[in-house]
$ cat coords-v2.csv   # CSV, C-alpha atoms and all ligand atoms
chain,number,residue,atom,x,y,z
H,935,MET,CA,179.8,143.3,-107.1
H,936,LYS,CA,178.3,139.9,-107.2
H,937,ILE,CA,180.2,137.2,-105.4
H,938,THR,CA,179.9,133.6,-104.5
H,939,LEU,CA,180.8,132.0,-101.1
H,940,SER,CA,181.6,128.3,-101.4
H,941,CYS,CA,182.4,126.2,-98.5
H,942,ILE,CA,183.4,122.6,-99.3
H,943,LYS,CA,184.5,120.3,-96.6
H,944,ALA,CA,185.6,116.7,-96.1
H,945,ASP,CA,187.3,114.3,-93.7
H,946,VAL,CA,190.3,112.9,-95.5
H,947,GLY,CA,192.3,111.6,-92.5
H,948,ALA,CA,193.0,112.4,-88.9
H,949,ILE,CA,195.6,111.8,-86.2
H,950,GLY,CA,194.8,109.3,-83.4
H,951,GLY,CA,191.4,108.2,-84.7
H,952,HIS,CA,188.8,110.8,-85.6
H,953,ILE,CA,190.5,113.6,-83.7
H,954,ARG,CA,192.1,116.2,-86.0
H,955,PRO,CA,193.9,116.4,-89.4
H,956,SER,CA,197.7,116.6,-89.2
H,957,MET,CA,199.3,120.1,-89.7
H,958,ARG,CA,201.0,118.7,-92.8
H,959,LEU,CA,197.7,117.5,-94.3
H,960,ARG,CA,196.0,120.8,-93.7
H,961,GLU,CA,199.0,122.7,-95.1
H,962,ALA,CA,198.9,120.4,-98.2
H,963,VAL,CA,195.3,121.3,-98.8
H,964,GLU,CA,195.9,125.0,-98.2
H,965,ASN,CA,198.9,125.1,-100.5
H,966,PHE,CA,197.1,123.3,-103.2
H,967,VAL,CA,194.2,125.8,-103.1
H,968,ARG,CA,196.6,128.7,-103.0
H,969,GLN,CA,198.5,127.5,-106.1
H,970,LYS,CA,195.8,126.0,-108.2
H,971,GLY,CA,193.1,128.5,-107.3
H,972,LYS,CA,195.0,131.6,-108.3
H,973,LYS,CA,192.9,132.3,-111.4
H,974,LEU,CA,189.6,131.1,-109.9
H,975,LEU,CA,189.5,132.6,-106.5
H,976,LEU,CA,189.4,136.1,-105.1
H,977,SER,CA,190.3,134.8,-101.7
H,978,PHE,CA,190.0,131.7,-99.5
H,979,HIS,CA,190.3,130.4,-96.0
H,980,VAL,CA,191.0,126.8,-94.7
H,981,ASN,CA,190.1,125.6,-91.3
H,982,SER,CA,189.4,122.4,-89.5
H,983,ALA,CA,186.7,121.3,-87.0
H,984,GLY,CA,187.5,117.9,-85.4
H,985,ASP,CA,188.6,115.6,-88.2
H,986,ASP,CA,187.1,117.7,-91.0
H,987,ILE,CA,188.8,120.3,-93.3
H,988,ALA,CA,186.7,123.1,-94.6
H,989,ILE,CA,187.8,125.2,-97.6
H,990,LEU,CA,185.9,128.6,-97.8
H,991,MET,CA,186.3,130.1,-101.2
H,992,VAL,CA,185.3,133.5,-102.6
H,993,HIS,CA,184.8,133.8,-106.4
H,994,GLN,CA,182.5,135.1,-109.1
H,995,ARG,CA,181.5,131.8,-110.8
H,996,GLY,CA,178.2,131.2,-109.1
H,997,VAL,CA,177.1,128.1,-107.1
H,998,ASP,CA,177.8,124.6,-108.4
H,999,ASP,CA,180.6,125.7,-110.6
H,1000,PRO,CA,182.5,122.6,-111.9
H,1001,GLU,CA,185.9,124.2,-111.7
H,1002,ILE,CA,185.4,125.4,-108.1
H,1003,HIS,CA,184.2,121.9,-107.1
H,1004,GLN,CA,187.1,120.3,-109.0
H,1005,LEU,CA,189.6,122.5,-107.2
H,1006,ALA,CA,188.2,121.5,-103.8
H,1007,TRP,CA,188.0,117.8,-104.8
H,1008,ASP,CA,191.6,117.9,-106.1
H,1009,ALA,CA,192.8,119.6,-102.9
H,1010,PHE,CA,191.2,116.8,-100.9
H,1011,VAL,CA,192.8,114.2,-103.2
H,1012,GLU,CA,196.2,115.9,-102.4
H,1013,GLY,CA,195.3,115.9,-98.7
H,1014,THR,CA,194.5,112.1,-99.0
H,1015,ARG,CA,197.9,111.5,-100.5
H,1016,VAL,CA,199.6,113.2,-97.5
H,1017,ALA,CA,197.2,111.3,-95.1
H,1018,LYS,CA,198.3,108.0,-96.6
H,1019,GLU,CA,201.9,109.0,-96.5
H,1020,GLN,CA,201.6,109.7,-92.8
H,1021,GLY,CA,199.4,106.7,-92.1
H,1022,LEU,CA,196.6,108.9,-90.8
H,1023,TYR,CA,193.3,107.2,-89.7
H,1024,GLY,CA,190.5,107.2,-92.3
H,1025,ALA,CA,192.7,108.5,-95.2
H,1026,GLY,CA,190.4,109.7,-98.0
H,1027,GLN,CA,187.3,108.4,-96.1
H,1028,ASP,CA,184.9,111.1,-97.4
H,1029,LEU,CA,186.0,110.7,-101.1
H,1030,LEU,CA,183.5,108.0,-101.8
H,1031,LYS,CA,183.9,107.8,-105.5
H,1032,ASP,CA,187.0,107.3,-107.6
H,1033,ALA,CA,186.4,109.9,-110.2
H,1034,PHE,CA,185.2,113.5,-110.0
H,1035,SER,CA,182.2,114.2,-112.1
H,1036,GLY,CA,181.6,118.0,-112.1
H,1037,ASN,CA,180.2,118.5,-108.6
H,1038,VAL,CA,181.2,117.2,-105.2
H,1039,LYS,CA,177.5,116.6,-104.3
H,1040,GLY,CA,176.9,112.9,-104.2
H,1041,LEU,CA,180.7,112.1,-104.0
H,1042,GLY,CA,181.2,112.5,-100.3
H,1043,PRO,CA,182.4,116.1,-99.5
H,1044,GLY,CA,179.7,118.5,-98.2
H,1045,SER,CA,179.1,121.9,-99.7
H,1046,ALA,CA,177.3,125.1,-98.8
H,1047,GLU,CA,177.2,127.9,-101.3
H,1048,MET,CA,175.5,131.2,-101.8
H,1049,GLU,CA,175.7,133.9,-104.5
H,1050,PHE,CA,174.8,137.5,-103.7
H,1051,GLU,CA,175.4,141.2,-104.5
H,1052,GLU,CA,177.9,142.3,-101.9
H,1053,ARG,CA,176.7,145.0,-99.5
H,1054,PRO,CA,179.0,147.9,-98.7
H,1055,ASN,CA,179.8,146.0,-95.5
H,1056,GLU,CA,179.3,142.3,-95.7
H,1057,PRO,CA,179.6,140.4,-92.4
H,1058,PHE,CA,178.9,136.7,-92.3
H,1059,LEU,CA,179.5,133.7,-90.1
H,1060,LEU,CA,180.9,130.3,-91.1
H,1061,PHE,CA,179.9,127.4,-88.9
H,1062,THR,CA,181.7,124.0,-89.2
H,1063,ALA,CA,180.4,121.1,-87.1
H,1064,ASP,CA,181.9,117.7,-86.4
H,1065,LYS,CA,180.5,114.4,-85.1
H,1066,THR,CA,177.0,115.3,-86.1
H,1067,ASN,CA,174.8,115.7,-89.1
H,1068,PRO,CA,173.1,118.6,-91.1
H,1069,GLY,CA,170.0,118.6,-88.9
H,1070,ALA,CA,172.1,119.9,-86.0
H,1071,PHE,CA,171.6,123.4,-87.5
H,1072,ASN,CA,167.8,123.1,-87.6
H,1073,LEU,CA,167.1,124.4,-84.1
H,1074,PRO,CA,169.7,127.2,-83.9
H,1075,LEU,CA,168.7,128.6,-87.4
H,1076,TYR,CA,165.0,128.3,-86.6
H,1077,LEU,CA,165.4,130.2,-83.4
H,1078,ALA,CA,167.6,132.9,-85.0
H,1079,PHE,CA,165.4,133.4,-88.1
H,1080,ALA,CA,161.9,132.8,-86.7
H,1081,ASP,CA,161.7,133.2,-82.9
H,1082,PRO,CA,161.6,136.7,-81.2
H,1083,MET,CA,162.6,135.0,-77.9
H,1084,TYR,CA,166.1,134.6,-79.5
H,1085,CYS,CA,166.1,137.2,-82.2
H,1086,ALA,CA,165.2,140.6,-80.8
H,1087,GLY,CA,165.4,142.0,-84.4
H,1088,PHE,CA,161.8,140.8,-85.0
H,1089,LEU,CA,160.7,143.4,-82.5
H,1090,LEU,CA,163.3,146.1,-82.9
H,1091,SER,CA,164.2,146.2,-86.6
H,1092,PRO,CA,161.6,147.2,-89.2
H,1093,LYS,CA,163.9,145.6,-91.9
H,1094,MET,CA,163.1,142.2,-90.5
H,1095,ALA,CA,159.4,142.6,-90.0
H,1096,LYS,CA,158.3,140.4,-93.0
H,1097,GLY,CA,160.3,137.4,-91.7
H,1098,PHE,CA,162.1,134.8,-93.7
H,1099,THR,CA,161.4,131.9,-96.1
H,1100,PHE,CA,162.8,128.5,-95.1
H,1101,THR,CA,163.7,126.0,-97.8
H,1102,ILE,CA,163.7,122.5,-96.1
H,1103,MET,CA,165.0,119.3,-97.7
H,1104,ASP,CA,163.8,115.8,-97.2
H,1105,VAL,CA,167.3,114.2,-97.1
H,1106,ASN,CA,165.9,110.7,-97.0
H,1107,TYR,CA,164.7,111.1,-100.6
H,1108,THR,CA,167.6,109.8,-102.8
H,1109,GLU,CA,166.2,110.2,-106.3
H,1110,GLY,CA,166.8,114.0,-106.3
H,1111,ASP,CA,166.3,117.1,-104.2
H,1112,ARG,CA,162.9,117.0,-102.5
H,1113,VAL,CA,162.3,120.4,-101.0
H,1114,ILE,CA,159.5,122.6,-99.6
H,1115,GLU,CA,159.4,126.3,-99.1
H,1116,LEU,CA,157.7,127.7,-95.9
H,1117,ASN,CA,157.3,131.2,-94.7
H,1118,ALA,CA,157.9,132.5,-91.2
H,1119,PRO,CA,156.0,133.7,-89.3
H,1120,GLU,CA,152.7,132.5,-90.9
H,1121,GLU,CA,153.8,128.9,-91.2
H,1122,LEU,CA,155.8,128.6,-88.0
H,1123,TYR,CA,154.0,125.5,-86.8
H,1124,ASP,CA,154.5,123.7,-90.1
H,1125,ILE,CA,158.2,124.6,-90.1
H,1126,ALA,CA,158.5,123.3,-86.5
H,1127,CYS,CA,156.7,120.2,-87.5
H,1128,LEU,CA,159.3,119.3,-90.1
H,1129,LEU,CA,162.4,120.6,-88.2
H,1130,ARG,CA,161.7,118.5,-85.1
H,1131,ASP,CA,163.0,115.6,-87.2
H,1132,ASN,CA,166.7,116.5,-87.5
H,1133,GLU,CA,167.5,113.2,-89.3
H,1134,ARG,CA,165.1,113.6,-92.2
H,1135,PHE,CA,164.2,117.3,-92.7
H,1136,VAL,CA,167.0,119.7,-92.9
H,1137,ILE,CA,167.2,123.5,-93.5
H,1138,GLU,CA,168.9,123.9,-96.9
H,1139,SER,CA,168.6,127.7,-97.1
H,1140,ILE,CA,166.9,130.8,-95.7
H,1141,ARG,CA,165.9,134.0,-97.6
H,1142,SER,CA,164.8,137.4,-96.5
H,1143,ARG,CA,161.2,138.1,-97.3
H,1144,THR,CA,162.0,141.9,-97.3
H,1145,THR,CA,164.6,141.8,-100.1
H,1146,GLY,CA,164.6,138.2,-101.4
H,1147,GLU,CA,168.3,138.0,-100.5
H,1148,ILE,CA,169.9,134.8,-99.5
H,1149,ALA,CA,170.6,134.7,-95.7
H,1150,ALA,CA,171.8,131.2,-94.9
H,1151,VAL,CA,172.9,128.0,-96.5
H,1152,VAL,CA,173.6,124.6,-95.0
H,1153,SER,CA,175.3,121.5,-96.5
H,1154,THR,CA,172.7,118.8,-96.6
H,1155,SER,CA,174.3,115.7,-97.9
H,1156,ARG,CA,173.8,112.4,-96.0
H,1157,LEU,CA,176.7,110.1,-96.6
H,1158,HIS,CA,174.8,106.9,-96.1
H,1159,ASN,CA,172.4,107.9,-98.9
H,1160,ILE,CA,175.4,108.0,-101.2
H,1161,ALA,CA,177.4,105.0,-100.0
H,1162,GLY,CA,174.4,102.8,-99.0
H,1163,THR,CA,176.3,101.9,-95.8
H,1164,TYR,CA,177.6,103.5,-92.7
H,1165,THR,CA,180.3,106.0,-93.5
H,1166,GLY,CA,180.4,108.3,-90.5
H,1167,LYS,CA,178.3,111.4,-89.8
H,1168,ASP,CA,177.9,114.2,-92.3
H,1169,ASP,CA,179.5,116.9,-90.3
H,1170,PRO,CA,177.8,119.9,-91.8
H,1171,VAL,CA,178.9,123.5,-92.6
H,1172,ALA,CA,176.7,126.6,-92.7
H,1173,ILE,CA,177.2,130.1,-94.0
H,1174,VAL,CA,175.0,132.8,-92.4
H,1175,ARG,CA,174.9,136.5,-93.4
H,1176,THR,CA,174.3,138.9,-90.6
H,1177,GLN,CA,173.2,142.5,-89.8
H,1178,GLY,CA,171.0,144.8,-91.9
H,1179,VAL,CA,168.0,142.8,-93.1
H,1180,PHE,CA,169.4,139.7,-91.4
H,1181,PRO,CA,169.6,138.9,-87.7
H,1182,ALA,CA,172.6,140.5,-85.8
H,1183,THR,CA,175.6,138.3,-85.4
H,1184,GLY,CA,174.9,137.9,-81.7
H,1185,GLU,CA,171.3,136.9,-82.4
H,1186,VAL,CA,172.5,134.1,-84.7
H,1187,LEU,CA,175.0,133.0,-82.0
H,1188,SER,CA,172.6,133.1,-79.1
H,1189,PRO,CA,170.8,129.7,-79.7
H,1190,PHE,CA,174.1,127.9,-79.6
H,1191,ARG,CA,174.0,128.6,-75.9
H,1192,ILE,CA,171.5,125.7,-75.5
H,1193,GLY,CA,173.8,122.8,-76.4
H,1194,HIS,CA,170.8,120.9,-77.8
H,1195,TYR,CA,171.1,117.2,-78.2
H,1196,VAL,CA,171.9,116.1,-81.7
H,1197,ALA,CA,172.8,112.8,-83.4
H,1198,GLY,CA,176.4,111.9,-83.8
H,1199,THR,CA,179.3,111.5,-81.3
H,1200,MET,CA,180.7,108.0,-80.9
H,1201,ARG,CA,180.4,105.9,-84.1
H,1202,GLY,CA,177.8,108.4,-85.3
H,1203,SER,CA,175.3,106.4,-83.3
H,1204,HIS,CA,174.4,108.4,-80.2
H,1205,ASN,CA,172.8,111.6,-79.1
H,1206,GLY,CA,175.0,114.2,-77.5
H,1207,PRO,CA,174.8,118.0,-76.9
H,1208,LEU,CA,176.2,120.3,-79.5
H,1209,MET,CA,179.2,122.1,-77.9
H,1210,PRO,CA,180.3,125.5,-79.4
H,1211,VAL,CA,184.1,125.3,-79.4
H,1212,LYS,CA,187.1,127.4,-80.4
H,1213,GLN,CA,188.5,127.3,-83.9
H,1214,ASN,CA,190.5,124.2,-84.8
H,1215,SER,CA,189.3,122.3,-81.7
H,1216,THR,CA,189.8,118.6,-81.4
H,1217,ILE,CA,187.5,115.8,-80.4
H,1218,SER,CA,187.8,113.9,-77.2
H,1219,PHE,CA,185.2,112.5,-74.8
H,1220,PHE,CA,183.3,109.5,-76.3
H,1221,ASP,CA,184.4,110.7,-79.8
H,1222,GLY,CA,182.5,113.9,-79.0
H,1223,PRO,CA,180.7,115.7,-77.8
H,1224,PRO,CA,179.4,116.9,-81.2
H,1225,ILE,CA,181.1,120.3,-81.8
H,1226,VAL,CA,180.5,123.4,-83.8
H,1227,THR,CA,183.0,126.2,-84.5
H,1228,GLY,CA,182.1,129.7,-85.6
H,1229,ALA,CA,184.2,132.2,-87.5
H,1230,ALA,CA,183.1,135.7,-88.3
H,1231,PHE,CA,184.3,137.4,-91.5
H,1232,CYS,CA,183.7,140.5,-93.5
H,1233,VAL,CA,184.2,140.3,-97.2
H,1234,HIS,CA,184.9,143.3,-99.4
H,1235,GLN,CA,185.2,143.1,-103.2
H,1236,GLY,CA,185.7,139.4,-102.8
H,1237,ILE,CA,188.5,139.7,-100.3
H,1238,LEU,CA,188.1,138.1,-96.9
H,1239,THR,CA,189.3,139.6,-93.7
H,1240,GLU,CA,191.0,137.4,-91.2
H,1241,PRO,CA,188.4,135.3,-89.2
H,1242,VAL,CA,187.4,136.2,-85.7
H,1243,ASP,CA,186.7,133.2,-83.5
H,1244,VAL,CA,183.2,133.9,-82.1
H,1245,PHE,CA,183.2,131.1,-79.5
H,1246,ASP,CA,186.6,132.2,-78.0
H,1247,HIS,CA,185.1,134.3,-75.2
H,1248,PRO,CA,184.6,133.8,-71.5
H,1249,PHE,CA,180.9,133.5,-71.9
H,1250,TRP,CA,181.3,130.4,-74.0
H,1251,ASP,CA,183.6,128.8,-71.4
H,1252,TRP,CA,180.6,128.8,-69.1
H,1253,VAL,CA,178.4,127.4,-71.9
H,1254,ARG,CA,181.0,124.6,-72.5
H,1255,ASN,CA,181.0,123.7,-68.8
H,1256,ASN,CA,177.2,123.3,-69.0
H,1257,VAL,CA,177.2,121.4,-72.2
H,1258,ALA,CA,179.9,119.1,-70.8
H,1259,GLN,CA,177.6,118.3,-67.9
H,1260,LYS,CA,174.8,117.5,-70.4
H,1261,ALA,CA,177.2,115.2,-72.2
H,1262,ALA,CA,178.1,113.4,-69.0
H,1263,GLU,CA,174.5,113.0,-68.0
H,1264,ILE,CA,173.3,111.3,-71.1
H,1265,ARG,CA,176.4,109.1,-71.3
H,1266,MET,CA,175.6,107.8,-67.8
H,1267,GLN,CA,172.8,105.6,-69.4
H,1268,GLY,CA,175.2,104.1,-72.0
H,1269,PHE,CA,173.2,102.3,-74.7
H,1270,SER,CA,169.8,102.8,-73.1
H,1271,GLY,CA,166.9,104.6,-74.8
H,1272,PRO,CA,167.6,108.0,-76.2
H,1273,ALA,CA,171.3,107.8,-75.4
H,1274,MET,CA,171.8,105.7,-78.6
H,1275,LEU,CA,170.1,106.4,-81.9
H,1276,PRO,CA,167.0,104.4,-82.9
H,1277,TYR,CA,167.4,101.4,-85.1
H,1278,ALA,CA,166.3,103.2,-88.3
H,1279,GLU,CA,169.4,105.4,-87.9
H,1280,LEU,CA,171.7,102.6,-87.2
H,1281,GLU,CA,170.6,100.3,-89.9
H,1282,TYR,CA,173.5,101.2,-92.1
H,1283,GLY,CA,175.9,99.8,-89.6
H,1284,GLY,CA,177.0,96.4,-88.2
H,1285,VAL,CA,174.0,96.3,-85.9
H,1286,VAL,CA,171.9,94.9,-88.8
H,1287,GLU,CA,174.0,91.7,-88.8
H,1288,LYS,CA,173.6,91.3,-85.1
H,1289,MET,CA,169.9,91.9,-85.2
H,1290,ASN,CA,169.5,89.4,-88.0
H,1291,GLN,CA,171.4,86.8,-86.0
H,1292,LEU,CA,169.3,87.5,-82.9
H,1293,ASP,CA,166.1,87.4,-84.9
H,1294,ARG,CA,166.8,83.8,-85.9
H,1295,ARG,CA,167.1,82.8,-82.2
H,1296,PHE,CA,163.7,84.2,-81.2
H,1297,VAL,CA,161.0,81.6,-80.5
H,1298,ILE,CA,157.3,81.9,-80.2
H,1299,ARG,CA,156.1,79.8,-77.2
H,1300,ALA,CA,153.9,77.1,-78.6
H,1301,GLU,CA,151.6,76.6,-75.5
H,1302,LYS,CA,150.9,80.3,-74.9
H,1303,HIS,CA,150.4,80.8,-78.6
H,1304,ALA,CA,147.8,78.0,-78.7
H,1305,ASP,CA,146.1,79.4,-75.6
H,1306,ARG,CA,145.9,82.9,-77.1
H,1307,ALA,CA,144.5,81.6,-80.4
H,1308,ALA,CA,141.9,79.7,-78.5
H,1309,ALA,CA,141.0,82.7,-76.4
H,1310,GLY,CA,140.6,84.7,-79.6
H,1311,ARG,CA,138.2,82.1,-81.0
H,1312,GLU,CA,136.1,82.2,-77.8
H,1313,LYS,CA,136.0,86.0,-77.9
H,1314,ARG,CA,134.8,86.0,-81.5
H,1315,ALA,CA,132.2,83.4,-80.6
H,1316,VAL,CA,130.8,85.7,-77.9
H,1401,MG,MG,184.1,114.5,-89.1

$ encode --input "coords-v2.csv" --output "structure tokens" --more "lines below"
Ligand code: MG
Amino acid sequence: MKITLSCIKADVGAIGGHIRPSMRLREAVENFVRQKGKKLLLSFHVNSAGDDIAILMVHQRGVDDPEIHQLAWDAFVEGTRVAKEQGLYGAGQDLLKDAFSGNVKGLGPGSAEMEFEERPNEPFLLFTADKTNPGAFNLPLYLAFADPMYCAGFLLSPKMAKGFTFTIMDVNYTEGDRVIELNAPEELYDIACLLRDNERFVIESIRSRTTGEIAAVVSTSRLHNIAGTYTGKDDPVAIVRTQGVFPATGEVLSPFRIGHYVAGTMRGSHNGPLMPVKQNSTISFFDGPPIVTGAAFCVHQGILTEPVDVFDHPFWDWVRNNVAQKAAEIRMQGFSGPAMLPYAELEYGGVVEKMNQLDRRFVIRAEKHADRAAAGREKRAV
């Protein structure tokens, strides 16, 4: 049976700043999808990560289906209505356009979708991240799908011996989808060369080279490319199939132990370590740290099991303590150097105005300038 997994997520309002949607908002979204999605969906699940709500839908309509996207958009419009009623912060903030036009891409909400022939047992992971951007998944997915130091399957499973194909998107290109396909392991260094730049080059999808099957998809939208101004971080979602020809579930989880530094956290303008947290976690220290939740599912004939919280385990308590320490360390240096994002990443925010004002106050010292010009003339004469 061929099924489609569609995860569409948006921030349409939260309690106390950018912390967490209200229970009423979440229920409104969930009830809407339940009622209006009866004919479209085989099953669905709604969760939240920080201030974002993610709707995971199982159906048979393929990716980019207008009715599925409309359903999610309308659910977020309904959520926005409740958010406004309750006076939640940032009500409707990710719905950047007034009218829906067939696909949520380019309108604000993020989407990650994959279509495949269901295996007899079909385990997969849904990751939802908050206070960061799609490049946050670059390193964990690279390590899980290309590095035998993290994925033992490359040594131990003949099914994975051929490796994986990475489709990587240049998210700074706004005229359309600019993508490149690279094969691991032969082109590992090329893949690494792109993926080091989390702000520009983002893994869009990964396929098995053994079977050609889709293995992973990530939402790739960058809100500032849509709005042309700062609108918060893009808070990505990823769907990753596991076991069989794909890495084992634990192999996909293992790189999240690093807590690598990613862009996001306070005002989307800083670097902070990505902390794996329990389902429905809130946001706290310095509007961060950036968080990622992980839910494991099986799906059979389109029907989802209940989710299992993969980061709700004593091991991850130890990881969270370490990551908290990393967050505290980089925060010690406030705005200095790598603690805050470089200017190119901030240029959609208010800092542009400040820099313009300061730019006008710079002076070039006349004397020194004249001396240097003269020195230059002498040098040339020699
Ligand atoms: Mg968010």

$ residues_around --input "coords-v2.csv" --residues "Ile949 of chain H" --least-positions-apart "6" --cutoff "8 Å" --atoms "all atoms listed in the file" --output "PyMOL selection string"
chain H and resi 955-956+1022-1023

$ residues_around --input "coords-v2.csv" --residues "Gly1026 of chain H" --least-positions-apart "2" --cutoff "8 Å" --atoms "all atoms listed in the file" --output "PyMOL selection string"
chain H and resi 945-947+1010-1011+1013-1014+1017+1024+1028-1029

$ residues_near_ligand --input "coords-v2.csv" --ligand "ligand MG 1401 (chain H)" --cutoff "12 Å" --atoms "all atoms listed in the file" --output "PyMOL selection string"
chain H and resi 943-948+951-955+982-988+1023-1024+1026-1028+1042-1044+1062-1068+1157+1165-1171+1198-1202+1215-1217+1221-1226

$ atom_distance --input "coords-v2.csv" --atom1 "atom CA of Cys941 of chain H" --atom2 "atom CA of Ile1173 of chain H"
7.9 Å

$ residues_around --input "coords-v2.csv" --residues "segment 935-938 of chain H" --least-positions-apart "5" --cutoff "7 Å" --atoms "all atoms listed in the file" --output "list in words"
Val992, His993, Gln994, Arg995, Gly996, Val997, Met1048, Glu1049, Phe1050, Glu1051, Glu1052, Gln1235 and Gly1236 of chain H

$ write_last_selection --input "coords-v2.csv" --atoms "C-alpha atoms" --output "PDB file, keeping the file's coordinate frame"
ATOM      1  CA  VAL H 992     185.300 133.500-102.600  1.00  0.00           C
ATOM      2  CA  HIS H 993     184.800 133.800-106.400  1.00  0.00           C
ATOM      3  CA  GLN H 994     182.500 135.100-109.100  1.00  0.00           C
ATOM      4  CA  ARG H 995     181.500 131.800-110.800  1.00  0.00           C
ATOM      5  CA  GLY H 996     178.200 131.200-109.100  1.00  0.00           C
ATOM      6  CA  VAL H 997     177.100 128.100-107.100  1.00  0.00           C
ATOM      7  CA  MET H1048     175.500 131.200-101.800  1.00  0.00           C
ATOM      8  CA  GLU H1049     175.700 133.900-104.500  1.00  0.00           C
ATOM      9  CA  PHE H1050     174.800 137.500-103.700  1.00  0.00           C
ATOM     10  CA  GLU H1051     175.400 141.200-104.500  1.00  0.00           C
ATOM     11  CA  GLU H1052     177.900 142.300-101.900  1.00  0.00           C
ATOM     12  CA  GLN H1235     185.200 143.100-103.200  1.00  0.00           C
ATOM     13  CA  GLY H1236     185.700 139.400-102.800  1.00  0.00           C
TER      14      GLY H1236
END

$ closest_residue --input "coords-v2.csv" --among "H:Ile1114, H:Leu1129, H:Ala1308, H:Val1016" --to "Leu1077 of chain H" --atoms "only C-alpha atoms"
H:Leu1129

$ atom_distance --input "coords-v2.csv" --atom1 "atom CA of Ile1137 of chain H" --atom2 "atom CA of Glu1115 of chain H"
10.0 Å

$ residues_around --input "coords-v2.csv" --residues "segment 1243-1251 of chain H" --least-positions-apart "2" --cutoff "9 Å" --atoms "only C-alpha atoms" --output "JSON, numbers by chain"
{"H": [1059, 1187, 1191, 1210, 1211, 1212, 1213, 1227, 1228, 1229, 1230, 1241, 1253, 1254, 1255, 1256]}

$ residues_near_point --input "coords-v2.csv" --point "(179.9, 117.2, -108.0)" --cutoff "8 Å" --atoms "all atoms listed in the file" --output "NGL selection string"
:H and (998 or 1000 or 1003-1004 or 1034-1041)

$ atom_distance --input "coords-v2.csv" --atom1 "atom CA of Phe1231 of chain H" --atom2 "atom CA of Phe1058 of chain H"
5.5 Å

$ closest_residue --input "coords-v2.csv" --among "H:Leu976, H:Met1289, H:Ala1278, H:Ala1025" --to "Glu1133 of chain H" --atoms "all atoms listed in the file"
H:Ala1278

$ closest_residue --input "coords-v2.csv" --among "H:Glu1056, H:Glu1301, H:Asp1131, H:Asp1104" --to "Phe1180 of chain H" --atoms "all atoms listed in the file"
H:Glu1056
